[in-house]
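Asker: Here it is, the structure, as structure tokens.
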Amino acid sequence: MSRPRRSPAPSTHRYPRTARLNESLREVIAEELTRIDDERLDLVTITAIDVDAEMNRAIVFFDSLRGEEGDPEILEALNGHRVRIQGSIARQVRSKKTPILQFRPDEVIRSAEHIERVLLSTETLPERPVSDDDPYVSPRVRDDDQDDDDPDDDDQDDDDQDDQDDDDQDDQDDDDAGGSDDEPHR
């Protein structure tokens, strides 16, 4: 007679196994790249890793400050050190298999940079005709339309000063009528 199967214990992890494995591999590979003494890999960053479900293959996405011009040289260096990096993964990551690594430049970051350059470029913006009826464009004020000697502005300043003087006088009247706070008012 066979024993009944135990139900698996509920997972205490917050995210799936493949996501945890991807992050572990990224950390191990990035650390190993710092140990490798190869000038071609100095400005390389491991941005993401995509491991298949069976853990047979892992695609390692990288980016570099050298841009697309440095990709062939970086790919050559990474492929030359692939066995060493896989050995480091086998020693540091607790898993049954060590995936075979494939290296690719991270096109997502480069696409985002290209989009940002296009958006910030003034060459890609169409010229917008200036219209007096357009509610989204603030009206332009010409220098000869601005008069510093506008009598209405001076009257407004005088009215503001008069209001301030009236407020000060009201405060003074309240103080005289109330006396000091120490003596009760009779």
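FYI, nothing fancy with the structure tokens labels: chains A, B, ... in order, residues from 1 per chain, ligands from 1 as they appear.
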Find the residues around segment 89-101 of chain A up to 6 Å (only C-alpha atoms counted), leave out those fewer than 4 positions away in its own chain, and share them as a list in words.
Answerer: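 Surrounding residues, per the criterion: Met55, Asn56, Arg57, Ala58 and Ile59 of chain A.
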Asker: Restricting the output to N, CA, C and O atoms, write the selected residues as a compact mmCIF listing (two decimals), in the first residue's frame.
Answerer:
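See result_37.txt below for the written result:
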```txt
# COMPACT_ATOMS: atom_id res chain seq x y z
N MET A 55 16.22 25.66 -17.37
CA MET A 55 17.56 26.13 -16.98
C MET A 55 18.65 25.58 -17.89
O MET A 55 19.77 25.33 -17.45
N ASN A 56 18.33 25.38 -19.14
CA ASN A 56 19.33 24.93 -20.09
C ASN A 56 20.13 26.09 -20.66
O ASN A 56 21.33 25.98 -20.89
N ARG A 57 19.46 27.19 -20.92
CA ARG A 57 20.11 28.36 -21.53
C ARG A 57 19.72 29.62 -20.78
O ARG A 57 18.63 29.73 -20.25
N ALA A 58 20.65 30.57 -20.78
CA ALA A 58 20.40 31.88 -20.19
C ALA A 58 20.92 32.94 -21.14
O ALA A 58 22.06 32.86 -21.61
N ILE A 59 20.09 33.90 -21.45
CA ILE A 59 20.51 35.02 -22.27
C ILE A 59 20.90 36.15 -21.33
O ILE A 59 20.10 36.59 -20.50
```
Asker: Could you tell me how far atom CA of Ser64 of chain A sits from atom CA of Leu21 of chain A, in Å to one decimal place?
Answerer: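 Pair atom CA of Leu21 of chain A / atom CA of Ser64 of chain A returns 23.3 Å.
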Asker: May I ask for the distance between atom CA of Leu43 of chain A and atom CA of Leu75 of chain A, given in Å to one decimal place?
Answerer: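 These atoms are spaced 12.8 Å apart.
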Asker: Mind running segment 12-53 of chain A against segment 79-84 of chain A at 10 Å and telling me each contacting residue's nearest atom pair with the distance in Å (one decimal), counting only C-alpha atoms, chain and number ascending, as JSON lines?
Answerer:
```
{"residue": "A:Ile29", "atom": "CA", "partner": "A:Arg82", "partner_atom": "CA", "distance": 9.9}
{"residue": "A:Glu32", "atom": "CA", "partner": "A:Arg84", "partner_atom": "CA", "distance": 8.6}
{"residue": "A:Leu33", "atom": "CA", "partner": "A:His81", "partner_atom": "CA", "distance": 9.1}
{"residue": "A:Ile36", "atom": "CA", "partner": "A:His81", "partner_atom": "CA", "distance": 8.3}
{"residue": "A:Asp38", "atom": "CA", "partner": "A:His81", "partner_atom": "CA", "distance": 9.5}
```
Asker: Based on DSSP run over this structure's backbone, return all residues of segment 16-112 of chain A in strand (DSSP E or B), as a PDB file with N, CA and C atoms, in the first residue's frame.
Answerer:
```
ATOM      1  N   VAL A  44      31.292  47.582 -18.900  1.00  0.00           N
ATOM      2  CA  VAL A  44      30.148  46.732 -19.210  1.00  0.00           C
ATOM      3  C   VAL A  44      29.282  46.554 -17.972  1.00  0.00           C
ATOM      4  N   THR A  45      27.967  46.656 -18.175  1.00  0.00           N
ATOM      5  CA  THR A  45      26.999  46.442 -17.106  1.00  0.00           C
ATOM      6  C   THR A  45      26.048  45.339 -17.535  1.00  0.00           C
ATOM      7  N   ILE A  46      25.800  44.406 -16.637  1.00  0.00           N
ATOM      8  CA  ILE A  46      24.820  43.351 -16.889  1.00  0.00           C
ATOM      9  C   ILE A  46      23.459  43.917 -16.486  1.00  0.00           C
ATOM     10  N   THR A  47      22.563  44.066 -17.466  1.00  0.00           N
ATOM     11  CA  THR A  47      21.280  44.717 -17.194  1.00  0.00           C
ATOM     12  C   THR A  47      20.167  43.734 -16.871  1.00  0.00           C
ATOM     13  N   ALA A  48      20.175  42.562 -17.511  1.00  0.00           N
ATOM     14  CA  ALA A  48      19.112  41.580 -17.266  1.00  0.00           C
ATOM     15  C   ALA A  48      19.572  40.212 -17.721  1.00  0.00           C
ATOM     16  N   ILE A  49      18.883  39.203 -17.192  1.00  0.00           N
ATOM     17  CA  ILE A  49      19.150  37.826 -17.599  1.00  0.00           C
ATOM     18  C   ILE A  49      17.819  37.136 -17.783  1.00  0.00           C
ATOM     19  N   ASP A  50      17.726  36.332 -18.814  1.00  0.00           N
ATOM     20  CA  ASP A  50      16.507  35.585 -19.098  1.00  0.00           C
ATOM     21  C   ASP A  50      16.865  34.109 -19.181  1.00  0.00           C
ATOM     22  N   VAL A  51      16.446  33.352 -18.167  1.00  0.00           N
ATOM     23  CA  VAL A  51      16.730  31.916 -18.103  1.00  0.00           C
ATOM     24  C   VAL A  51      15.485  31.165 -18.540  1.00  0.00           C
ATOM     25  N   ARG A  57      19.461  27.191 -20.918  1.00  0.00           N
ATOM     26  CA  ARG A  57      20.112  28.357 -21.529  1.00  0.00           C
ATOM     27  C   ARG A  57      19.725  29.620 -20.783  1.00  0.00           C
ATOM     28  N   ALA A  58      20.648  30.570 -20.783  1.00  0.00           N
ATOM     29  CA  ALA A  58      20.397  31.881 -20.186  1.00  0.00           C
ATOM     30  C   ALA A  58      20.925  32.942 -21.143  1.00  0.00           C
ATOM     31  N   ILE A  59      20.087  33.899 -21.445  1.00  0.00           N
ATOM     32  CA  ILE A  59      20.509  35.024 -22.274  1.00  0.00           C
ATOM     33  C   ILE A  59      20.900  36.151 -21.331  1.00  0.00           C
ATOM     34  N   VAL A  60      22.131  36.611 -21.459  1.00  0.00           N
ATOM     35  CA  VAL A  60      22.667  37.670 -20.609  1.00  0.00           C
ATOM     36  C   VAL A  60      22.671  38.957 -21.429  1.00  0.00           C
ATOM     37  N   PHE A  61      21.888  39.939 -20.972  1.00  0.00           N
ATOM     38  CA  PHE A  61      21.817  41.230 -21.653  1.00  0.00           C
ATOM     39  C   PHE A  61      22.787  42.192 -20.984  1.00  0.00           C
ATOM     40  N   PHE A  62      23.546  42.901 -21.798  1.00  0.00           N
ATOM     41  CA  PHE A  62      24.536  43.839 -21.265  1.00  0.00           C
ATOM     42  C   PHE A  62      24.408  45.180 -21.953  1.00  0.00           C
ATOM     43  N   ASP A  63      24.982  46.187 -21.328  1.00  0.00           N
ATOM     44  CA  ASP A  63      25.082  47.503 -21.934  1.00  0.00           C
ATOM     45  C   ASP A  63      26.451  48.063 -21.581  1.00  0.00           C
ATOM     46  N   SER A  64      26.904  49.003 -22.391  1.00  0.00           N
ATOM     47  CA  SER A  64      28.214  49.580 -22.198  1.00  0.00           C
ATOM     48  C   SER A  64      28.189  51.056 -22.539  1.00  0.00           C
ATOM     49  N   ILE A 100      23.776  27.327 -20.061  1.00  0.00           N
ATOM     50  CA  ILE A 100      24.747  27.783 -21.056  1.00  0.00           C
ATOM     51  C   ILE A 100      24.435  29.244 -21.343  1.00  0.00           C
ATOM     52  N   LEU A 101      25.442  30.072 -21.270  1.00  0.00           N
ATOM     53  CA  LEU A 101      25.241  31.515 -21.394  1.00  0.00           C
ATOM     54  C   LEU A 101      25.357  31.982 -22.839  1.00  0.00           C
ATOM     55  N   GLN A 102      24.451  32.875 -23.215  1.00  0.00           N
ATOM     56  CA  GLN A 102      24.514  33.580 -24.485  1.00  0.00           C
ATOM     57  C   GLN A 102      24.475  35.070 -24.149  1.00  0.00           C
ATOM     58  N   PHE A 103      25.306  35.847 -24.808  1.00  0.00           N
ATOM     59  CA  PHE A 103      25.402  37.274 -24.510  1.00  0.00           C
ATOM     60  C   PHE A 103      24.801  38.083 -25.649  1.00  0.00           C
ATOM     61  N   ARG A 104      24.009  39.090 -25.265  1.00  0.00           N
ATOM     62  CA  ARG A 104      23.400  39.994 -26.249  1.00  0.00           C
ATOM     63  C   ARG A 104      23.373  41.417 -25.698  1.00  0.00           C
ATOM     64  N   PRO A 105      23.545  42.394 -26.574  1.00  0.00           N
ATOM     65  CA  PRO A 105      23.394  43.785 -26.119  1.00  0.00           C
ATOM     66  C   PRO A 105      21.934  44.058 -25.762  1.00  0.00           C
TER      67      PRO A 105
END
```
Asker: Report, in Å to a single decimal, how far apart atom CA of Leu25 of chain A and atom CA of Ala53 of chain A are.
Answerer: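 Pair atom CA of Ala53 of chain A / atom CA of Leu25 of chain A returns 14.2 Å.
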Asker: Which residue out of A:Gly87, A:Glu39, A:Ala77, A:Gly67 has the minimum interatomic distance to Ser111 of chain A when only C-alpha atoms are used?
Answerer: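 Smallest distance to Ser111 of chain A is found for A:Gly67.
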